[in-house]
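With compact mmCIF, C-alpha atoms and all ligand atoms inside, this is query15.txt:
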# COMPACT_ATOMS: atom_id res chain seq x y z
CA MET S 1 10.70 -10.52 -14.51
CA ARG S 2 14.20 -9.00 -14.67
CA VAL S 3 14.36 -5.40 -13.52
CA LYS S 4 17.32 -3.07 -13.97
CA ARG S 5 17.99 0.45 -12.82
CA TYR S 6 20.01 2.89 -14.89
CA VAL S 7 21.26 6.27 -13.73
CA VAL S 8 22.01 8.46 -16.73
CA ASN S 9 22.24 12.11 -17.72
CA ALA S 10 19.21 11.91 -20.00
CA LEU S 11 16.80 9.29 -21.22
CA PRO S 12 18.29 8.75 -24.72
CA GLU S 13 21.48 7.61 -23.00
CA ALA S 14 19.61 4.80 -21.24
CA LEU S 15 17.82 3.43 -24.30
CA PRO S 16 20.81 1.71 -25.93
CA MET S 17 21.86 0.24 -22.59
CA ILE S 18 18.37 -1.16 -21.96
CA ARG S 19 18.14 -2.44 -25.46
CA SER S 20 21.51 -4.20 -25.30
CA GLU S 21 21.19 -5.60 -21.78
CA LEU S 22 17.52 -6.52 -21.58
CA GLY S 23 16.65 -6.97 -25.24
CA LYS S 24 14.15 -5.46 -27.62
CA ASP S 25 11.08 -6.47 -25.59
CA ALA S 26 12.20 -4.51 -22.54
CA VAL S 27 9.77 -1.94 -21.17
CA ILE S 28 10.46 1.19 -19.19
CA LEU S 29 8.61 1.06 -15.89
CA ASN S 30 9.51 4.44 -14.45
CA THR S 31 11.73 7.45 -14.82
CA LYS S 32 12.50 10.03 -12.22
CA GLU S 33 14.94 12.78 -11.51
CA VAL S 34 17.51 11.91 -8.84
CA ARG S 35 20.35 13.82 -7.27
CA ILE S 36 23.57 12.00 -6.53
CA GLY S 37 26.99 12.67 -5.05
CA GLY S 38 27.74 16.05 -3.56
CA PHE S 39 29.07 17.01 -0.20
CA MET S 40 26.82 17.35 2.86
CA GLY S 41 23.79 17.71 0.65
CA MET S 42 25.39 20.36 -1.57
CA PHE S 43 26.65 20.26 -5.17
CA ARG S 44 24.57 17.21 -5.95
CA LYS S 45 24.32 16.27 -9.61
CA LYS S 46 20.97 16.04 -11.33
CA LYS S 47 20.59 12.65 -13.04
CA MET S 48 17.78 10.57 -14.39
CA GLU S 49 16.90 7.19 -12.93
CA VAL S 50 15.34 4.81 -15.42
CA ILE S 51 13.83 1.51 -14.30
CA ALA S 52 13.42 -1.02 -17.10
CA ALA S 53 12.21 -4.59 -17.03
CA ILE S 54 11.85 -7.63 -19.17
CA GLU S 55 9.46 -10.52 -18.62
CA SER S 56 11.39 -13.70 -17.98
CA GLY S 57 11.00 -15.87 -21.05
CA ALA S 58 10.88 -12.87 -23.40
CA ALA S 59 13.46 -12.66 -26.18
CA ALA S 60 16.94 -12.33 -24.71
CA PRO S 61 19.27 -9.65 -26.02
CA ALA S 62 21.03 -10.47 -29.23
CA ALA S 63 24.32 -12.44 -29.32
CA ALA S 64 27.44 -11.11 -27.62
CA SER S 65 28.69 -9.08 -30.59
CA GLU S 66 25.22 -7.62 -31.27
CA PRO S 67 24.73 -5.36 -28.23
CA LYS S 68 27.43 -2.91 -29.16
CA LYS S 69 26.13 -2.71 -32.69
CA ALA S 70 22.54 -2.26 -31.50
CA ALA S 71 23.69 0.41 -29.06
CA ALA S 72 25.50 2.23 -31.83
CA ASP S 73 22.42 1.96 -34.06
CA VAL S 74 20.14 3.45 -31.44
CA GLN S 75 22.61 6.22 -30.73
CA ARG S 76 22.63 6.90 -34.45
CA VAL S 77 18.83 6.95 -34.64
CA VAL S 78 18.53 9.23 -31.64
CA HIS S 79 21.13 11.48 -33.20
CA ALA S 80 19.29 11.39 -36.56
CA ILE S 81 15.99 12.30 -34.88
CA GLN S 82 17.63 15.17 -33.01
CA GLU S 83 19.34 16.35 -36.17
CA SER S 84 16.12 16.26 -38.21
CA LYS S 85 14.30 18.18 -35.47
CA ARG S 86 17.08 20.78 -35.44
CA GLN S 87 16.87 21.15 -39.21
CA ALA S 88 13.08 21.43 -39.09
CA ALA S 89 13.37 24.16 -36.47
CA THR S 90 15.97 26.05 -38.57
CA ALA S 91 13.78 25.73 -41.66
CA VAL S 92 10.92 27.42 -39.88
CA LEU S 93 13.16 30.30 -38.86
CA GLU S 94 14.77 30.88 -42.25
CA PRO S 95 12.91 33.07 -44.81
CA PRO S 96 11.42 31.06 -47.67
CA LEU S 97 13.55 30.98 -50.83
CA PRO S 98 12.09 32.49 -54.01
CA ALA S 99 10.33 29.80 -56.01
CA ALA S 100 12.81 28.20 -58.41
CA PRO S 101 11.74 26.80 -61.75
CA VAL S 102 10.90 23.19 -61.33
CA GLN S 103 13.45 21.00 -62.97
CA ALA S 104 13.22 17.34 -63.61
CA PRO S 105 15.75 15.44 -61.55
CA PRO S 106 18.70 14.10 -63.53
CA ALA S 107 18.11 10.55 -64.64
CA VAL S 108 20.57 8.81 -62.38
CA PRO S 109 20.35 5.05 -62.55
CA VAL S 110 19.25 3.75 -59.13
CA ALA S 111 21.23 0.78 -57.89
CA PRO S 112 19.12 -2.08 -56.48
CA PRO S 113 19.29 -2.08 -52.66
CA SER S 114 21.91 -4.49 -51.48
CA LEU S 115 21.17 -7.17 -48.87
CA ALA S 116 23.43 -5.35 -46.39
CA ASN S 117 21.44 -2.13 -46.90
CA ASN S 118 18.19 -4.00 -46.30
CA ARG S 119 19.55 -5.40 -43.04
CA ILE S 120 20.58 -1.93 -41.82
CA ASN S 121 17.16 -0.53 -42.73
CA GLU S 122 15.40 -3.30 -40.84
CA ASP S 123 17.62 -2.72 -37.83
CA LEU S 124 16.95 0.98 -37.93
CA LEU S 125 13.21 0.47 -38.26
CA GLU S 126 13.27 -1.85 -35.30
CA GLU S 127 15.19 0.68 -33.23
CA ILE S 128 12.72 3.41 -34.18
CA ARG S 129 9.84 1.16 -33.11
CA PHE S 130 11.62 0.56 -29.78
CA ILE S 131 12.16 4.28 -29.19
CA LYS S 132 8.54 5.07 -30.14
CA GLN S 133 7.26 2.41 -27.78
CA SER S 134 9.47 3.70 -24.96
CA LEU S 135 8.31 7.27 -25.49
CA LYS S 136 4.67 6.12 -25.49
CA GLN S 137 5.16 4.31 -22.20
CA LEU S 138 6.78 7.36 -20.73
CA SER S 139 3.99 9.65 -21.82
CA MET S 140 1.48 7.33 -20.12
CA HIS S 141 3.47 7.39 -16.89
CA LYS S 142 2.70 9.99 -14.27
CA PRO S 143 5.61 12.42 -14.13
CA GLU S 144 6.19 12.16 -10.38
CA ASP S 145 9.37 14.14 -10.69
CA ALA S 146 7.29 17.10 -11.86
CA ARG S 147 5.88 17.36 -8.33
CA PRO S 148 7.57 19.73 -5.90
CA LEU S 149 10.22 18.01 -3.78
CA VAL S 150 8.23 18.48 -0.60
CA ILE S 151 5.23 16.66 -2.13
CA GLN S 152 7.56 13.89 -3.25
CA ALA S 153 8.81 13.66 0.34
CA LEU S 154 5.23 13.30 1.60
CA TYR S 155 4.58 10.65 -1.05
CA GLY S 156 7.73 8.79 0.04
CA ARG S 157 6.76 8.91 3.72
CA LEU S 158 3.30 7.49 3.03
CA ILE S 159 4.63 4.77 0.71
CA GLN S 160 7.08 3.79 3.45
CA GLN S 161 4.09 3.64 5.83
CA GLU S 162 2.44 1.24 3.33
CA VAL S 163 -0.50 3.51 2.59
CA GLU S 164 -2.13 2.32 -0.63
CA PRO S 165 -0.73 4.34 -3.58
CA GLU S 166 -4.25 5.21 -4.85
CA LEU S 167 -5.01 6.83 -1.49
CA ILE S 168 -1.77 8.82 -1.58
CA ASP S 169 -2.53 10.03 -5.11
CA ARG S 170 -6.01 11.04 -4.01
CA LEU S 171 -4.59 12.89 -1.02
CA ILE S 172 -2.05 14.76 -3.13
CA ASP S 173 -4.72 15.64 -5.71
CA SER S 174 -6.92 17.06 -2.94
CA MET S 175 -3.96 18.94 -1.49
CA ASN S 176 -3.13 20.53 -4.83
CA GLY S 177 -6.34 22.55 -4.67
CA LYS S 178 -5.39 23.95 -1.27
CA LEU S 179 -1.76 24.53 -2.23
CA ALA S 180 -2.65 26.30 -5.49
CA ASP S 181 -4.02 29.31 -3.55
CA ARG S 182 -0.60 29.99 -2.06
CA GLN S 183 1.76 32.57 -3.49
CA GLU S 184 5.05 30.96 -2.65
CA GLU S 185 6.34 27.38 -2.88
CA PRO S 186 4.93 25.48 0.15
CA ASN S 187 7.37 24.32 2.79
CA ALA S 188 7.29 20.90 4.44
CA ALA S 189 5.52 22.12 7.59
CA ALA S 190 2.68 23.62 5.51
CA VAL S 191 2.34 20.49 3.38
CA TRP S 192 2.29 18.25 6.46
CA THR S 193 -0.35 20.42 8.12
CA ILE S 194 -2.63 20.27 5.07
CA ALA S 195 -2.14 16.51 4.75
CA ARG S 196 -2.90 16.09 8.47
CA GLU S 197 -6.12 18.11 8.22
CA LEU S 198 -7.30 16.19 5.17
CA LEU S 199 -6.51 12.77 6.60
CA ILE S 200 -8.28 13.53 9.88
CA GLU S 201 -11.27 14.73 7.87
CA TRP S 202 -11.23 11.53 5.77
CA LEU S 203 -10.99 9.34 8.87
CA ALA S 204 -13.76 11.20 10.70
CA PRO S 205 -16.57 8.81 9.64
CA TYR S 206 -14.53 5.89 11.03
CA SER S 207 -13.19 7.57 14.18
CA ASN S 208 -14.78 7.95 17.59
CA HIS S 209 -16.45 4.57 17.44
CA SER S 210 -16.23 1.97 20.12
CA ILE S 211 -17.76 -1.39 20.81
CA ASN S 212 -21.48 -0.77 20.88
CA GLU S 213 -22.57 -0.05 24.47
CA SER S 214 -25.80 -1.93 23.92
CA ALA S 215 -24.03 -5.08 22.67
CA ARG S 216 -24.26 -7.81 25.31
CA ILE S 217 -22.20 -10.32 23.35
CA VAL S 218 -18.96 -9.36 21.66
CA HIS S 219 -17.20 -11.87 19.40
CA PHE S 220 -13.53 -11.55 18.59
CA VAL S 221 -12.35 -13.04 15.32
CA GLY S 222 -9.08 -12.84 13.43
CA PRO S 223 -6.04 -14.69 12.11
CA THR S 224 -3.84 -16.91 14.29
CA GLY S 225 -1.73 -15.30 16.96
CA VAL S 226 -2.86 -11.71 16.46
CA GLY S 227 -3.72 -11.36 20.15
CA LYS S 228 -7.45 -12.14 20.40
CA THR S 229 -7.28 -13.98 23.72
CA THR S 230 -4.90 -11.46 25.30
CA THR S 231 -7.11 -8.60 24.09
CA ILE S 232 -10.22 -10.22 25.58
CA ALA S 233 -8.38 -10.51 28.90
CA LYS S 234 -7.42 -6.81 28.74
CA LEU S 235 -10.96 -5.65 27.91
CA ALA S 236 -12.63 -8.03 30.39
CA ALA S 237 -10.31 -6.78 33.14
CA GLY S 238 -11.07 -3.17 32.23
CA GLN S 239 -14.83 -3.73 32.26
CA SER S 240 -14.98 -5.77 35.45
CA ILE S 241 -12.32 -3.97 37.50
CA LYS S 242 -12.79 -0.37 36.28
CA TYR S 243 -16.54 -0.32 35.63
CA GLY S 244 -17.62 -3.17 37.93
CA ARG S 245 -19.56 -4.86 35.17
CA GLN S 246 -20.59 -8.53 35.35
CA VAL S 247 -18.48 -10.08 32.60
CA GLY S 248 -18.60 -13.67 31.29
CA LEU S 249 -16.32 -15.42 28.80
CA ILE S 250 -16.94 -18.07 26.16
CA THR S 251 -14.30 -19.77 24.09
CA SER S 252 -14.89 -21.81 20.97
CA ASP S 253 -11.16 -22.24 20.43
CA THR S 254 -10.90 -25.96 20.91
CA TYR S 255 -8.39 -26.43 18.08
CA ARG S 256 -5.38 -26.01 20.32
CA ILE S 257 -5.14 -27.89 23.58
CA ALA S 258 -3.64 -24.91 25.38
CA ALA S 259 -6.16 -22.38 24.05
CA VAL S 260 -8.93 -23.18 26.55
CA ASP S 261 -6.46 -23.12 29.44
CA GLN S 262 -5.11 -19.75 28.30
CA LEU S 263 -8.52 -18.08 28.59
CA ARG S 264 -9.39 -20.06 31.73
CA THR S 265 -6.28 -18.69 33.45
CA TYR S 266 -7.46 -15.13 32.77
CA ALA S 267 -11.04 -16.04 33.83
CA ASN S 268 -9.70 -17.36 37.14
CA ILE S 269 -7.52 -14.30 37.76
CA LEU S 270 -10.44 -11.97 37.02
CA ASN S 271 -12.88 -14.22 38.84
CA VAL S 272 -15.34 -14.34 35.93
CA PRO S 273 -17.20 -17.45 34.69
CA MET S 274 -16.13 -19.12 31.44
CA GLU S 275 -17.89 -21.57 29.13
CA VAL S 276 -16.41 -23.75 26.38
CA VAL S 277 -18.34 -24.46 23.17
CA PHE S 278 -17.34 -27.16 20.70
CA SER S 279 -19.93 -26.39 18.04
CA PRO S 280 -22.73 -23.90 17.35
CA MET S 281 -25.11 -26.41 18.98
CA ASP S 282 -23.44 -25.82 22.38
CA LEU S 283 -24.06 -22.09 22.26
CA PRO S 284 -27.60 -21.94 23.73
CA LYS S 285 -26.40 -23.91 26.79
CA ALA S 286 -23.43 -21.61 27.27
CA PHE S 287 -25.62 -18.49 27.02
CA LYS S 288 -28.02 -20.05 29.56
CA GLN S 289 -25.12 -20.61 31.98
CA LEU S 290 -24.12 -16.98 31.59
CA GLU S 291 -27.59 -15.44 31.61
CA ASP S 292 -26.84 -13.26 34.65
CA ARG S 293 -23.86 -11.66 32.88
CA GLU S 294 -24.17 -8.09 31.53
CA LEU S 295 -21.41 -8.54 29.02
CA ILE S 296 -20.07 -11.69 27.34
CA TYR S 297 -16.81 -11.78 25.41
CA MET S 298 -16.45 -14.71 23.05
CA ASP S 299 -13.02 -15.93 21.92
CA THR S 300 -12.68 -17.82 18.65
CA ALA S 301 -9.88 -19.85 17.14
CA GLY S 302 -7.41 -18.05 14.94
CA ARG S 303 -7.55 -19.48 11.44
CA ASN S 304 -6.31 -18.60 8.00
CA PHE S 305 -9.14 -16.21 7.26
CA ARG S 306 -7.91 -15.43 3.77
CA ASN S 307 -9.75 -18.69 3.17
CA GLU S 308 -13.44 -17.81 2.90
CA LEU S 309 -14.53 -21.26 4.10
CA HIS S 310 -12.92 -20.58 7.49
CA VAL S 311 -14.72 -17.24 7.61
CA SER S 312 -18.12 -18.84 7.02
CA GLU S 313 -17.26 -21.52 9.61
CA VAL S 314 -16.50 -18.97 12.32
CA ASN S 315 -19.60 -17.01 11.34
CA SER S 316 -21.80 -19.98 12.14
CA LEU S 317 -20.61 -19.53 15.75
CA LEU S 318 -21.50 -15.88 15.93
CA GLN S 319 -25.27 -16.03 16.10
CA SER S 320 -27.09 -14.88 19.18
CA ASN S 321 -30.56 -13.63 20.08
CA ASP S 322 -29.13 -10.75 22.02
CA GLN S 323 -27.65 -7.57 20.69
CA SER S 324 -24.19 -8.64 19.58
CA GLU S 325 -21.17 -7.29 17.80
CA THR S 326 -18.18 -8.81 16.06
CA VAL S 327 -14.73 -7.27 16.25
CA LEU S 328 -12.05 -8.25 13.77
CA VAL S 329 -8.65 -8.38 15.47
CA LEU S 330 -5.60 -7.72 13.29
CA SER S 331 -1.96 -7.33 14.18
CA LEU S 332 -0.15 -4.30 12.81
CA THR S 333 2.83 -6.55 12.18
CA GLY S 334 0.82 -8.35 9.48
CA LYS S 335 1.30 -7.70 5.79
CA THR S 336 -1.00 -5.04 4.36
CA LYS S 337 -2.16 -7.25 1.48
CA ASP S 338 -2.98 -10.17 3.79
CA MET S 339 -4.89 -7.89 6.16
CA MET S 340 -6.91 -6.57 3.22
CA ALA S 341 -7.78 -10.09 2.07
CA VAL S 342 -8.97 -11.00 5.58
CA ALA S 343 -10.89 -7.73 5.93
CA ASP S 344 -12.54 -8.29 2.57
CA ASN S 345 -13.85 -11.69 3.71
CA PHE S 346 -15.24 -10.39 7.03
CA VAL S 347 -16.77 -7.22 5.61
CA LYS S 348 -18.93 -9.50 3.44
CA TYR S 349 -20.42 -10.84 6.68
CA GLY S 350 -21.22 -7.37 7.94
CA VAL S 351 -18.22 -6.88 10.26
CA ARG S 352 -17.64 -3.14 10.78
CA LYS S 353 -15.27 -2.90 13.75
CA VAL S 354 -11.57 -3.64 13.83
CA LEU S 355 -9.10 -3.77 16.70
CA PHE S 356 -5.38 -3.50 15.99
CA THR S 357 -2.73 -5.11 18.16
CA LYS S 358 1.07 -5.02 18.40
CA LEU S 359 1.45 -1.30 17.76
CA ASP S 360 4.56 -1.62 19.93
CA GLU S 361 6.17 -4.01 17.44
CA THR S 362 6.05 -1.85 14.33
CA SER S 363 6.59 1.66 13.05
CA VAL S 364 4.47 1.11 9.92
CA TYR S 365 0.87 2.18 10.40
CA GLY S 366 -0.67 2.54 6.92
CA SER S 367 -2.98 -0.46 7.16
CA ILE S 368 -5.24 1.32 9.67
CA LEU S 369 -5.91 4.06 7.11
CA ASN S 370 -6.20 1.58 4.22
CA LEU S 371 -8.75 -0.58 6.03
CA ALA S 372 -10.81 2.38 7.18
CA LEU S 373 -10.95 4.11 3.81
CA GLN S 374 -11.11 1.07 1.56
CA TYR S 375 -13.21 -1.31 3.69
CA GLU S 376 -15.06 1.18 5.91
CA LEU S 377 -13.76 -0.61 9.00
CA GLN S 378 -13.90 1.44 12.20
CA PRO S 379 -10.82 1.05 14.40
CA VAL S 380 -12.11 0.78 17.97
CA PHE S 381 -9.06 -0.06 20.09
CA ILE S 382 -5.30 -0.21 19.67
CA ALA S 383 -3.26 -2.67 21.74
CA SER S 384 0.39 -1.88 22.27
CA GLY S 385 1.97 -4.57 24.39
CA GLN S 386 1.56 -7.87 26.19
CA THR S 387 0.64 -6.54 29.59
CA VAL S 388 -2.89 -7.31 30.74
CA PRO S 389 -4.85 -5.11 31.34
CA ASP S 390 -2.86 -1.92 30.65
CA ASP S 391 -1.60 -2.19 27.08
CA ILE S 392 -4.77 -1.17 25.27
CA GLY S 393 -6.54 2.09 24.58
CA PRO S 394 -9.26 3.58 22.39
CA PHE S 395 -8.33 4.57 18.86
CA ASP S 396 -7.45 8.26 18.63
CA ALA S 397 -7.53 9.53 15.02
CA GLU S 398 -5.40 12.63 15.61
CA ARG S 399 -2.64 10.78 17.42
CA TYR S 400 -2.77 8.14 14.74
CA ILE S 401 -2.38 10.59 11.85
CA ASP S 402 0.52 12.28 13.67
CA ALA S 403 2.29 8.92 13.95
CA LEU S 404 1.51 8.09 10.32
CA LEU S 405 2.88 11.37 8.94
CA GLY S 406 5.85 11.64 11.29
CA ALA S 407 7.80 14.89 11.43
CA PRO S 408 7.74 17.10 8.31
CA ALA S 409 10.58 16.27 5.91
CA ASP S 410 13.76 18.34 6.29
CA GLU S 411 13.90 21.17 3.82
N1 LIG D 501 3.91 -7.03 21.46
C1 LIG D 501 2.63 -7.35 21.58
N2 LIG D 501 2.28 -8.63 21.75
C2 LIG D 501 0.98 -8.92 21.88
C3 LIG D 501 -0.03 -7.93 21.81
N3 LIG D 501 -1.23 -8.56 21.94
C4 LIG D 501 -0.96 -9.87 22.10
N4 LIG D 501 0.36 -10.11 22.04
C5 LIG D 501 1.09 -11.37 22.14
O1 LIG D 501 0.83 -12.14 20.98
C6 LIG D 501 0.89 -13.52 21.29
C7 LIG D 501 -0.39 -14.19 20.82
O2 LIG D 501 -1.48 -13.69 21.58
P1 LIG D 501 -2.85 -14.47 21.74
O3 LIG D 501 -3.72 -13.61 22.55
O4 LIG D 501 -2.62 -15.86 22.19
O5 LIG D 501 -3.30 -14.46 20.23
P2 LIG D 501 -4.59 -15.16 19.61
O6 LIG D 501 -5.06 -14.30 18.50
O7 LIG D 501 -5.55 -15.50 20.66
O8 LIG D 501 -3.91 -16.49 19.02
P3 LIG D 501 -4.69 -17.81 18.51
O9 LIG D 501 -5.75 -18.09 19.49
O10 LIG D 501 -3.61 -18.82 18.48
O11 LIG D 501 -5.19 -17.48 17.16
C8 LIG D 501 1.08 -13.60 22.80
O12 LIG D 501 2.44 -13.81 23.05
C9 LIG D 501 0.65 -12.23 23.28
O13 LIG D 501 1.28 -11.86 24.49
C10 LIG D 501 0.38 -6.58 21.62
O14 LIG D 501 -0.42 -5.63 21.53
N5 LIG D 501 1.72 -6.34 21.50
MG MG D 502 -6.42 -17.28 21.22
Mind turning the file's structure into structure tokens?
Ligand SMILES: Nc1nc2c(ncn2[C@@H]2O[C@H](COP(=O)(O)OP(=O)(O)OP(=O)(O)O)[C@@H](O)[C@H]2O)c(=O)[nH]1
Ligand SMILES: [Mg+2]
Amino acid sequence: MRVKRYVVNALPEALPMIRSELGKDAVILNTKEVRIGGFMGMFRKKKMEVIAAIESGAAAPAAASEPKKAAADVQRVVHAIQESKRQAATAVLEPPLPAAPVQAPPAVPVAPPSLANNRINEDLLEEIRFIKQSLKQLSMHKPEDARPLVIQALYGRLIQQEVEPELIDRLIDSMNGKLADRQEEPNAAAVWTIARELLIEWLAPYSNHSINESARIVHFVGPTGVGKTTTIAKLAAGQSIKYGRQVGLITSDTYRIAAVDQLRTYANILNVPMEVVFSPMDLPKAFKQLEDRELIYMDTAGRNFRNELHVSEVNSLLQSNDQSETVLVLSLTGKTKDMMAVADNFVKYGVRKVLFTKLDETSVYGSILNLALQYELQPVFIASGQTVPDDIGPFDAERYIDALLGAPADE
């Protein structure tokens, strides 16, 4: 797809340019009001930004000499439409003329339309079709520029935070109700406060959850390198050092030679026993070895969990007779779409808890909201660094929403 951006005074100005550069099959994707130029934010000119696109492989624009002609044609059509509208409006305003006796029109011989005339008519018809199609597309498009600037700023902030556009639209729709009661135009601080309240309310069902206290076995699953093993070390240290609980570790990550050693190093430092399982058949033996442990954390190999087969494979390792819980570990540095695909696969297996790592490596936080609201995943912990055991803490919805919204936009 070829996409082009045009900045013009008004839409009709863009149509001939689109038509000549992208061809007759071009579509208008978006239009919005923009302000350009100016000095220190003042005297900025109001312009219209038009984004148009053409599918690659669609008809290319006409030959080199054609664009100018097509542009002139469209200009002419736009002018003709404007002129006819103006005349129609004048006609309505002028008093009707007294009825004149009907006279037969003089019998003027009508010349047969020439080939050249036919060609012009076809061209004009085609241009009219193009304009009609463009106007139809525009009328279907949400007029974002009709929203107050401060709402647009909120929209921009949340898009930049990679919050799903449907969620942002829903938020702004819900805010409109609250904003409508106000007398004056809302300022940024007021808009941010309302958004904050609503988002905290929306997150409430997924906040204040932790790993189930009654769970004796906690499995950690998630894509490669997100920080599962490091997180287990942090939590195991917290539980054994802070709360004096008898912790045991199991790893089933036998894919990488170093993986077992990585967890064993932490087990040795924390002085907690560790078992290695190569297949689900080894699990009963491992549980027997750790039967005196109050809490068992199980590490699993990171795999490409957008692949459902890998998800079902890891699930075969997660059975236990005891009360158990599975925590999906995701890194905030991951791509939103990939995280959603992984979440989708695990939610099918009943996973409800998610733990996010690498908060320290990003300033984009939308995926936490997306996964909570769209997959009903409860964020339980947030890890924010490599240091064991300190760089982890419980998820705090209010602090999270503050980070997501950032400071209110400048007025
Ligand atoms: N910056 C930062 N790095 C982290 C965090 N958590 C883990 N890491 C680092 O991420 C890297 C991978 O961590 P691991 O714990 O080995 O990740 P894993 O999910 O067990 O990886 P696999 O077992 O290979 O799938 C290591 O260098 C960790 O120190 C975090 O919260 N922030
Ligand atoms: Mg690991």
Can you check which parts of chain S lie within 9 Å of ligand MG 502 (chain D)? Per residue, the shortest pair of atoms and distance in Å to one decimal, counting all atoms listed in the file, sorted by chain and number, as JSON lines.
{"residue": "S:Thr224", "atom": "CA", "partner": "D:MG502", "partner_atom": "MG", "distance": 7.4}
{"residue": "S:Gly225", "atom": "CA", "partner": "D:MG502", "partner_atom": "MG", "distance": 6.6}
{"residue": "S:Val226", "atom": "CA", "partner": "D:MG502", "partner_atom": "MG", "distance": 8.1}
{"residue": "S:Gly227", "atom": "CA", "partner": "D:MG502", "partner_atom": "MG", "distance": 6.6}
{"residue": "S:Lys228", "atom": "CA", "partner": "D:MG502", "partner_atom": "MG", "distance": 5.3}
{"residue": "S:Thr229", "atom": "CA", "partner": "D:MG502", "partner_atom": "MG", "distance": 4.2}
{"residue": "S:Thr230", "atom": "CA", "partner": "D:MG502", "partner_atom": "MG", "distance": 7.3}
{"residue": "S:Thr251", "atom": "CA", "partner": "D:MG502", "partner_atom": "MG", "distance": 8.7}
{"residue": "S:Asp253", "atom": "CA", "partner": "D:MG502", "partner_atom": "MG", "distance": 6.9}
{"residue": "S:Arg256", "atom": "CA", "partner": "D:MG502", "partner_atom": "MG", "distance": 8.8}
{"residue": "S:Ala259", "atom": "CA", "partner": "D:MG502", "partner_atom": "MG", "distance": 5.8}
{"residue": "S:Val260", "atom": "CA", "partner": "D:MG502", "partner_atom": "MG", "distance": 8.3}
{"residue": "S:Gln262", "atom": "CA", "partner": "D:MG502", "partner_atom": "MG", "distance": 7.6}
{"residue": "S:Leu263", "atom": "CA", "partner": "D:MG502", "partner_atom": "MG", "distance": 7.7}
{"residue": "S:Asp299", "atom": "CA", "partner": "D:MG502", "partner_atom": "MG", "distance": 6.8}
{"residue": "S:Thr300", "atom": "CA", "partner": "D:MG502", "partner_atom": "MG", "distance": 6.8}
{"residue": "S:Ala301", "atom": "CA", "partner": "D:MG502", "partner_atom": "MG", "distance": 5.9}
{"residue": "S:Gly302", "atom": "CA", "partner": "D:MG502", "partner_atom": "MG", "distance": 6.4}
Within 9 Å of (-6.1, 6.5, 4.1) (file coordinates; all atoms listed in the file), which protein or nucleic acid residues are there? I'd like them as a VMD selection string. chain S and resid 163 to 164 167 to 168 171 199 202 to 203 366 to 374
Generate a file of the selected residues that holds C-alpha atoms, formatted as a JSON list (two decimals), keeping the file's coordinate frame.
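Final file, result-v7.json:
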[["chain", "number", "residue", "atom", "x", "y", "z"],
["S", 163, "VAL", "CA", -0.50, 3.51, 2.59],
["S", 164, "GLU", "CA", -2.13, 2.32, -0.63],
["S", 167, "LEU", "CA", -5.01, 6.83, -1.49],
["S", 168, "ILE", "CA", -1.77, 8.82, -1.58],
["S", 171, "LEU", "CA", -4.59, 12.89, -1.02],
["S", 199, "LEU", "CA", -6.51, 12.77, 6.60],
["S", 202, "TRP", "CA", -11.23, 11.53, 5.77],
["S", 203, "LEU", "CA", -10.99, 9.34, 8.87],
["S", 366, "GLY", "CA", -0.67, 2.54, 6.92],
["S", 367, "SER", "CA", -2.98, -0.46, 7.16],
["S", 368, "ILE", "CA", -5.24, 1.32, 9.67],
["S", 369, "LEU", "CA", -5.91, 4.06, 7.11],
["S", 370, "ASN", "CA", -6.20, 1.58, 4.22],
["S", 371, "LEU", "CA", -8.75, -0.58, 6.03],
["S", 372, "ALA", "CA", -10.81, 2.38, 7.18],
["S", 373, "LEU", "CA", -10.95, 4.11, 3.81],
["S", 374, "GLN", "CA", -11.11, 1.07, 1.56]]
Name the residues in contact with Met339 (chain S) at a cut-off of 8 Å, using all atoms listed in the file, excluding same-chain residues fewer than 4 positions from it; report them as number ranges by chain. S: 330, 334-335, 343, 367
Mind giving me the axis-aligned box for ligand LIG 501 (chain D) with 5 Å on every side, centre plus edges in Å to one decimal, as JSON?
{"center_x": -0.9, "center_y": -12.2, "center_z": 20.8, "size_x": 19.7, "size_y": 23.2, "size_z": 17.3}
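What separates CA of Asp181 (chain S) from CA of Leu198 (chain S) is a distance of 16.1 Å.
Proximity to Phe346 (chain S) was assessed for S:Ile159, S:Met274, S:Ala52, S:Val327 counting only C-alpha atoms; the smallest distance is recorded for S:Val327.
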Could you tell me how far CA of Glu55 (chain S) lies from CA of Gly156 (chain S), in Å and to one decimal? 26.9 Å
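Relative to CA of His219 (chain S), CA of Pro284 (chain S) is found at 15.1 Å.
Using all atoms listed in the file, the nearest neighbour of ligand LIG 501 (chain D) within the list S:Phe220, S:Tyr400, S:Phe395, S:Tyr349 is S:Phe220.
Compared by their closest atoms to Ile28 (chain S), and using all atoms listed in the file, the residues S:Arg5, S:Lys285, S:Lys358, S:Arg182 rank with S:Arg5 nearest.
With distances taken over all atoms listed in the file, S:Ala236 is the one residue among S:Val342, S:Ile296, S:Ala236, S:Leu283 lying closest to Ala267 (chain S).
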Excluding Pro389 (chain S) and residues on its chain fewer than 6 positions from it, collect all residues at most 8 Å away from it, counting all atoms listed in the file, and give them as a PyMOL selection string. chain S and resi 233-235+237-238
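Of the residues under consideration (S:Arg306, S:Ile250, S:Ile382, S:Asp338), S:Ile250 shows the shortest atom-to-atom contact distance to Lys288 (chain S) when counting all atoms listed in the file.
With distances restricted to only C-alpha atoms and all ligand atoms, S:Ile232 is the closest residue to ligand LIG 501 (chain D) from S:Ile200, S:Ile232, S:Ala190, S:Leu377.
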